[in-house]
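Heads up, the thing below is written out as structure tokens.
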Amino acid sequence: LYLAGGDGPAALYRNDGSVGGPLHFSAVDEPSATLIDVAGAYPIDIDGDGRTDLVVLRAGENVILRGLGGCRFERANEALGFDGAPGHTTAFSATWEGDALLPTLAFGHYLGLGADDRPTTDCASSTMLRPAPAATTYADATIVDLAPGYCTLSMLFSDWDRSGRRDLRVTNDRNYYSDGMDQLWRMDPGAPPRLYTADDGWVSMQIFGMGIASQDVTGDGYPEVYLTSQGDNKLQTLTTGPGHPTYRDIALRRGVIAAQPYVGGDALPSTAWHPEFADVNNDGFLDLFVSKGNVNEQAGYATRDPSNLFIGQPDGTFAEGAEAAGIVTFERGRGAALADFNLDGRLDLVLVNFGADTMIWRNAGSGTTAGTGHWAAIRLRAAGPDRDGIGAWVETRIGDLVTQREVTIGGGHAGGQLGWLHLGLGPASNAEVRVHWPGGEVGPWIRLDASEFAIIEQGSSQALRWLPGGT
């Protein structure tokens, strides 16, 4: 775990718990990672060496930490020709374009910085770095000023129309702008990014945009977009298909509007931050975690504002399950992650709080997760420099039911994760998986048995079983 510290130092923790046992993390003395003014971080294998790197978001210079293995890192800005994309950085996303050896990097900036490097009250534009196809550094990358900027708090490259082109979705905080909106940048190969407009079908929307989660919730093969805000949250689905980026909101109908606290007695509007789709009870239906907490005793908004854990239902709606899961807390939640920390096949939860200790919950298979179903987990191994298959679509087939998910880096709120893709199988003892790899290659259907970790390599017709311990 890498945890932002704000004005204090960030911290790196090694997962040294046992398989199936209690969760345990130990602090790692890594000077390169002990940075101050850190807002968040995203894991990514930038150089394709098979070791996870970190992009650290800061107020000022952003830092790329190259993974050395063994939970060790070194500063890599100079080696990669990266100028730090300085700013009040609060969002990040990355994707590989075409045959590029390095990923395109997008840094979302919130407020402008004054002469003293402290935030002003004016929204800043964001920055994109597009490396040349054969480049091994960013020294000569095309630097794109994503203007206008409207105080960005989350961004995500996503193939929203299944065209193979990954456009950049941006959600912005209307607290500081009067004439802005959320944005979608079109990423045509060899052309500058351009904003979708009303002529393209893009509908202006102004929210207190905090975080993005994107998955195919309705089963139509295209990703829905969940956007966190203050008060009403949004679950957007395409209105007329992939021909135009025109969305309608289905959050209320699906039960995930989450406008007010569901427990604690505070009737004021909620403040939501990090959203994440995952199957926490392995029943085969997507669930949704949303971290919540007041900005900082902000008047007019709930101060007792617990995070939500929405449990997916067979009819496509969601039901609140946080109380039954035992995760209700009234600290001010911010970043979060659902991950199987002890490799027992159940997703655990980590929640970073503002002004309070980070919290970790082990998924013990009780409460909301009682009677959890079967599961499998996969790791993609692409043939090119994009080793983790960022931009791939993974289909899972159980009987006649096929679900799809996109592999991305970005979104959430100021943090993400990289590793095993968790698949809830419900009562099924096996499933088939097919990968639509970046670049267009479609792999074969590959059988997975329940309770199995498997590596799927591009070009292979069988999964490689992986056992805890790395064998």
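Following the order of the structure tokens, first chain is A, next is B, and so on, with residues numbered from 1 inside each chain and ligands from 1 in the order they appear.
Close contacts of Val225 of chain A, defined as residues with an atom at most 10 Å away when counting only C-alpha atoms, with chain neighbours fewer than 3 positions off set aside, comprise Trp160, Arg169, Ile212, Ala213, Ser214, Gln215, Asp216, Val217, Tyr222, Thr228, Lys234, Leu235, Gln236, Thr237, Leu238, Tyr247 and Asp249 of chain A.
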Go ahead and write the selection's residues with N, CA, C and O atoms as a PDB file, in the first residue's frame.
ATOM      1  N   TRP A 160     -15.298   4.134 -24.523  1.00  0.00           N
ATOM      2  CA  TRP A 160     -16.717   4.224 -24.167  1.00  0.00           C
ATOM      3  C   TRP A 160     -17.638   3.732 -25.280  1.00  0.00           C
ATOM      4  O   TRP A 160     -18.763   3.293 -25.011  1.00  0.00           O
ATOM      5  N   ARG A 169     -12.185  10.861 -20.288  1.00  0.00           N
ATOM      6  CA  ARG A 169     -13.318  11.401 -19.521  1.00  0.00           C
ATOM      7  C   ARG A 169     -12.777  12.185 -18.337  1.00  0.00           C
ATOM      8  O   ARG A 169     -11.865  11.722 -17.630  1.00  0.00           O
ATOM      9  N   ILE A 212     -14.554   8.943 -10.549  1.00  0.00           N
ATOM     10  CA  ILE A 212     -15.125   8.228 -11.686  1.00  0.00           C
ATOM     11  C   ILE A 212     -14.948   6.728 -11.485  1.00  0.00           C
ATOM     12  O   ILE A 212     -13.865   6.269 -11.113  1.00  0.00           O
ATOM     13  N   ALA A 213     -16.002   5.971 -11.738  1.00  0.00           N
ATOM     14  CA  ALA A 213     -15.916   4.514 -11.861  1.00  0.00           C
ATOM     15  C   ALA A 213     -16.643   4.120 -13.129  1.00  0.00           C
ATOM     16  O   ALA A 213     -17.716   4.646 -13.421  1.00  0.00           O
ATOM     17  N   SER A 214     -16.069   3.208 -13.898  1.00  0.00           N
ATOM     18  CA  SER A 214     -16.623   2.867 -15.198  1.00  0.00           C
ATOM     19  C   SER A 214     -16.628   1.353 -15.387  1.00  0.00           C
ATOM     20  O   SER A 214     -15.583   0.720 -15.352  1.00  0.00           O
ATOM     21  N   GLN A 215     -17.810   0.796 -15.579  1.00  0.00           N
ATOM     22  CA  GLN A 215     -17.978  -0.622 -15.888  1.00  0.00           C
ATOM     23  C   GLN A 215     -19.307  -0.808 -16.611  1.00  0.00           C
ATOM     24  O   GLN A 215     -20.206   0.039 -16.515  1.00  0.00           O
ATOM     25  N   ASP A 216     -19.427  -1.920 -17.310  1.00  0.00           N
ATOM     26  CA  ASP A 216     -20.678  -2.258 -17.975  1.00  0.00           C
ATOM     27  C   ASP A 216     -21.648  -2.803 -16.932  1.00  0.00           C
ATOM     28  O   ASP A 216     -21.578  -3.967 -16.537  1.00  0.00           O
ATOM     29  N   VAL A 217     -22.557  -1.955 -16.494  1.00  0.00           N
ATOM     30  CA  VAL A 217     -23.519  -2.319 -15.453  1.00  0.00           C
ATOM     31  C   VAL A 217     -24.790  -2.902 -16.055  1.00  0.00           C
ATOM     32  O   VAL A 217     -25.402  -3.815 -15.491  1.00  0.00           O
ATOM     33  N   TYR A 222     -21.349  -1.761 -23.265  1.00  0.00           N
ATOM     34  CA  TYR A 222     -20.726  -0.441 -23.189  1.00  0.00           C
ATOM     35  C   TYR A 222     -20.651  -0.005 -21.724  1.00  0.00           C
ATOM     36  O   TYR A 222     -21.561  -0.276 -20.941  1.00  0.00           O
ATOM     37  N   THR A 228     -19.101  10.645  -8.713  1.00  0.00           N
ATOM     38  CA  THR A 228     -19.404  11.080  -7.356  1.00  0.00           C
ATOM     39  C   THR A 228     -19.413  12.593  -7.281  1.00  0.00           C
ATOM     40  O   THR A 228     -18.731  13.295  -8.030  1.00  0.00           O
ATOM     41  N   LYS A 234     -24.197  10.410  -9.888  1.00  0.00           N
ATOM     42  CA  LYS A 234     -24.721  10.094 -11.212  1.00  0.00           C
ATOM     43  C   LYS A 234     -24.272   8.700 -11.660  1.00  0.00           C
ATOM     44  O   LYS A 234     -23.120   8.321 -11.453  1.00  0.00           O
ATOM     45  N   LEU A 235     -25.178   7.961 -12.291  1.00  0.00           N
ATOM     46  CA  LEU A 235     -24.831   6.738 -13.016  1.00  0.00           C
ATOM     47  C   LEU A 235     -25.306   6.943 -14.443  1.00  0.00           C
ATOM     48  O   LEU A 235     -26.502   6.899 -14.732  1.00  0.00           O
ATOM     49  N   GLN A 236     -24.350   7.196 -15.339  1.00  0.00           N
ATOM     50  CA  GLN A 236     -24.686   7.568 -16.696  1.00  0.00           C
ATOM     51  C   GLN A 236     -24.612   6.368 -17.636  1.00  0.00           C
ATOM     52  O   GLN A 236     -23.674   5.574 -17.568  1.00  0.00           O
ATOM     53  N   THR A 237     -25.593   6.273 -18.517  1.00  0.00           N
ATOM     54  CA  THR A 237     -25.623   5.245 -19.550  1.00  0.00           C
ATOM     55  C   THR A 237     -25.913   5.905 -20.885  1.00  0.00           C
ATOM     56  O   THR A 237     -26.579   6.955 -20.945  1.00  0.00           O
ATOM     57  N   LEU A 238     -25.395   5.336 -21.956  1.00  0.00           N
ATOM     58  CA  LEU A 238     -25.615   5.907 -23.281  1.00  0.00           C
ATOM     59  C   LEU A 238     -27.107   5.914 -23.627  1.00  0.00           C
ATOM     60  O   LEU A 238     -27.808   4.920 -23.414  1.00  0.00           O
ATOM     61  N   TYR A 247     -25.556  10.902 -22.786  1.00  0.00           N
ATOM     62  CA  TYR A 247     -25.822  10.048 -21.630  1.00  0.00           C
ATOM     63  C   TYR A 247     -27.075  10.509 -20.890  1.00  0.00           C
ATOM     64  O   TYR A 247     -27.436  11.685 -20.899  1.00  0.00           O
ATOM     65  N   ASP A 249     -29.068   9.782 -16.913  1.00  0.00           N
ATOM     66  CA  ASP A 249     -28.763   9.360 -15.548  1.00  0.00           C
ATOM     67  C   ASP A 249     -29.757   8.303 -15.081  1.00  0.00           C
ATOM     68  O   ASP A 249     -30.972   8.502 -15.152  1.00  0.00           O
TER      69      ASP A 249
END
All helix (DSSP H, G or I) positions in segment 262-469 of chain A, as a PyMOL selection string: chain A and resi 322-325+367-369
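Listed by chain and then by rising number, the residues of segment 48-83 of chain A that DSSP assigns to strand (DSSP E) from the backbone are Asp53, Leu54, Val55, Val56, Leu57, Arg58, Ala59, Gly60, Val63, Ile64, Leu65, Arg66, Gly67, Leu68, Gly69, Arg72, Phe73, Glu74 and Arg75 of chain A.
Of the residues listed (A:Tyr110, A:Phe92, A:Trp445, A:Tyr301), A:Phe92 shows the shortest atom-to-atom separation from Val55 of chain A; distances use only C-alpha atoms.
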Distance query segment 22-36 of chain A at most 7 Å, only C-alpha atoms, self and fewer than 4 positions along chain excluded, as a list of chain:residue names: A:Gly5, A:Gly6, A:Asp7, A:Gly8, A:Pro9, A:Ala10, A:Ala11, A:Leu12, A:Tyr13, A:Arg14, A:Asn15, A:Asp16, A:Gly17, A:Ser18, A:Arg72, A:Phe73, A:Glu74, A:Arg75, A:Phe341, A:Asn342, A:Arg362
Residue neighbourhood Asp145 of chain A, 8 Å, only C-alpha atoms, exclusion window fewer than 6 positions, as a compact mmCIF listing (two decimals) with N, CA and C atoms, in the first residue's frame:
# COMPACT_ATOMS: atom_id res chain seq x y z
N SER A 125 -5.75 24.42 -16.05
CA SER A 125 -5.90 23.44 -17.12
C SER A 125 -5.05 22.22 -16.82
N SER A 126 -5.41 21.10 -17.40
CA SER A 126 -4.68 19.85 -17.17
C SER A 126 -3.63 19.64 -18.26
N THR A 127 -2.81 18.61 -18.09
CA THR A 127 -1.67 18.38 -18.97
C THR A 127 -1.66 16.94 -19.46
N MET A 128 -1.33 16.75 -20.76
CA MET A 128 -1.19 15.43 -21.33
C MET A 128 0.18 15.32 -22.00
Surrounding residues of Pro192 of chain A excluding itself and chain neighbours under 2 positions, 12 Å, only C-alpha atoms, as an MDAnalysis selection string: chainID A and resid 128:130 142:146 167 185:190 194:195
